Amino acid sequence: MTLIMNYCYRIYPDASQEETMLHWLEISRKVYNYALREIKDWVNSRKCSLDYCSLEREYIVPADKPFPTYYVQQNELPKAKKTFSLLGEAPSQVLQTTIRRLHDAWNYFQSRGFGFPRFKKFGQIKSMLFPQFKTNPITGWQISLPKLGKMPINLHRPIPEGFVVKQARILRKADRWEVVVTIESDVSIPDAQPHGDGLGIDLGLSKFLTTSDKEFIARPRFLTSLYRKLELLQRKYARTKKGSKNREKARIKVARFHNHIARVRKDWQFKLANHLCTKEGIGMVFVENLNLKAMSRGMLRKHTLDAAFGQFLNLLEWVAKKHQIYFCRVNPDGTSQTCPKCNTHTGKKELSERVHKCGECGYQTDRDHAASEVIRLRGLELISTQGLCGIENAYAVGLPGIDESQSPSEAKSRRGRTRKSSNSDVGKPIP
């Protein structure tokens, strides 16, 4: 088994190196747009009518010309370098990975049916990939990149022993540069198995999350609390003259502020994920398998995107794997409409109704806490029976007919007595 991880570091190129990388990004953008133009021309040439031509324009592409695939366009790069000497200034592998990025977007468009790749404006391509290295590019506190030489790197986390650097992606974020290093090692790490206590987590907007052990975490408003300041920065940017130096300075301020909000949010979510996974006795974490795309298109889309539930669930899954905690997503349907004690459907609740009260058993608690308990029971049932009710194992908690406070052995003895008494009644006349 091969383990692959990504480590992100900040790099500090000098003025000449930064100018060179910006020049390469611009070359990559032109290659991307040219390759996309070939694809669009080929597609449009197959869409024209057979009985007449357009009055404005028509795409004339030979009928026997094949679709410009990734390998076709990649093989055309050496020929294009002879015609356009500008392409020879950037590393060949950087241009190849740029074409690969375009065809990844094209394949994604083909699979889902919408989202045709768009042309990139000036400055919209902000990363480039170096896919392979002959030797380890990181030496001490420096990283060596092709045609750039060595530049300082903030190696705040050392590369673990036994890992090899496979590739590096250079990112430009506002006025800073970062490198994402992909490391690989042939190690075998077993998947975490269910053990210990289970923890159900319910996500929401009134409270960021509620756990089944009655822990309520408030939702920090990362974007909305700073939205006024962001509006002022964007207003200053809109009032500057296009192409001026003041406009570039204002743009960098806006981008830097967005990056600040994103970093604060991600740092808080990492700390929360570690807090949940390091609780005493916790060996399993269960969350809802939410439709995040639909949630981000509703009335509360700004608050939903500010909470970044998808990012948090991915971080929680990664942190749980690091701590050998079993992580599972369960069916989210009806978690707030089910009683965790008697499994009764309580009916639809309005968003303003924040208290769960069961009419059958009388159980009353916070609405989000009841939902987290239902999530926990669904997760335990899923891993204990694998969808088959009545099959017990070491994790058979919350099975039908077994109370949580009752041990499996007591339930088994109780069922045995029931079967024995029922067998003794065979042959007796029915009253």
# chains A, B, ... in the order shown; residues from 1 in each chain; ligands from 1
$ residues_around --residues "Tyr227 of chain A" --least-positions-apart "5" --cutoff "12 Å" --atoms "only C-alpha atoms" --output "ChimeraX atom specification"
/A:221-222,232-234,254,257-258,261,302-303,306
$ write_last_selection --atoms "N, CA and C atoms" --output "PDB file, in the first residue's frame"
ATOM      1  N   ARG A 221     -18.781  33.382  13.156  1.00  0.00           N
ATOM      2  CA  ARG A 221     -19.147  34.015  11.885  1.00  0.00           C
ATOM      3  C   ARG A 221     -17.898  34.642  11.265  1.00  0.00           C
ATOM      4  N   PHE A 222     -17.142  33.808  10.571  1.00  0.00           N
ATOM      5  CA  PHE A 222     -15.848  34.239  10.061  1.00  0.00           C
ATOM      6  C   PHE A 222     -15.999  35.354   9.030  1.00  0.00           C
ATOM      7  N   LEU A 232     -15.677  47.655   2.478  1.00  0.00           N
ATOM      8  CA  LEU A 232     -14.905  48.885   2.309  1.00  0.00           C
ATOM      9  C   LEU A 232     -13.697  48.662   1.414  1.00  0.00           C
ATOM     10  N   LEU A 233     -13.017  47.529   1.593  1.00  0.00           N
ATOM     11  CA  LEU A 233     -11.860  47.238   0.747  1.00  0.00           C
ATOM     12  C   LEU A 233     -12.287  47.041  -0.708  1.00  0.00           C
ATOM     13  N   GLN A 234     -13.396  46.355  -0.939  1.00  0.00           N
ATOM     14  CA  GLN A 234     -13.866  46.131  -2.304  1.00  0.00           C
ATOM     15  C   GLN A 234     -14.347  47.436  -2.946  1.00  0.00           C
ATOM     16  N   VAL A 254      -7.566  43.154  -0.896  1.00  0.00           N
ATOM     17  CA  VAL A 254      -8.790  42.342  -0.869  1.00  0.00           C
ATOM     18  C   VAL A 254      -8.443  40.856  -0.845  1.00  0.00           C
ATOM     19  N   PHE A 257      -7.120  39.827   2.517  1.00  0.00           N
ATOM     20  CA  PHE A 257      -8.167  39.740   3.545  1.00  0.00           C
ATOM     21  C   PHE A 257      -8.981  38.455   3.384  1.00  0.00           C
ATOM     22  N   HIS A 258      -9.276  38.058   2.156  1.00  0.00           N
ATOM     23  CA  HIS A 258      -9.964  36.786   1.919  1.00  0.00           C
ATOM     24  C   HIS A 258      -9.118  35.613   2.424  1.00  0.00           C
ATOM     25  N   ILE A 261      -9.350  35.336   6.215  1.00  0.00           N
ATOM     26  CA  ILE A 261     -10.590  34.713   6.677  1.00  0.00           C
ATOM     27  C   ILE A 261     -10.530  33.196   6.484  1.00  0.00           C
ATOM     28  N   LYS A 302     -25.222  32.156   2.168  1.00  0.00           N
ATOM     29  CA  LYS A 302     -24.037  32.874   2.610  1.00  0.00           C
ATOM     30  C   LYS A 302     -23.543  32.327   3.952  1.00  0.00           C
ATOM     31  N   HIS A 303     -24.467  32.079   4.878  1.00  0.00           N
ATOM     32  CA  HIS A 303     -24.087  31.539   6.179  1.00  0.00           C
ATOM     33  C   HIS A 303     -23.612  30.091   6.061  1.00  0.00           C
ATOM     34  N   ASP A 306     -20.155  30.214   4.687  1.00  0.00           N
ATOM     35  CA  ASP A 306     -19.256  30.742   5.705  1.00  0.00           C
ATOM     36  C   ASP A 306     -18.913  29.676   6.735  1.00  0.00           C
TER      37      ASP A 306
END
$ closest_residue --among "A:Glu89, A:Glu26, A:Asp104, A:Glu161" --to "Lys121 of chain A" --atoms "only C-alpha atoms"
A:Glu26
$ closest_residue --among "A:Ile217, A:Ile201, A:Ala255, A:Ile159" --to "Trp141 of chain A" --atoms "only C-alpha atoms"
A:Ile159
$ closest_residue --among "A:Val264, A:Leu95, A:Ile138, A:Ala218" --to "Val179 of chain A" --atoms "only C-alpha atoms"
A:Ile138
$ select_by_dssp --residues "segment 306-383 of chain A" --states "helix (DSSP H, G or I)" --output "VMD selection string"
chain A and resid 306 to 307 309 to 322 335 to 337 367 to 383
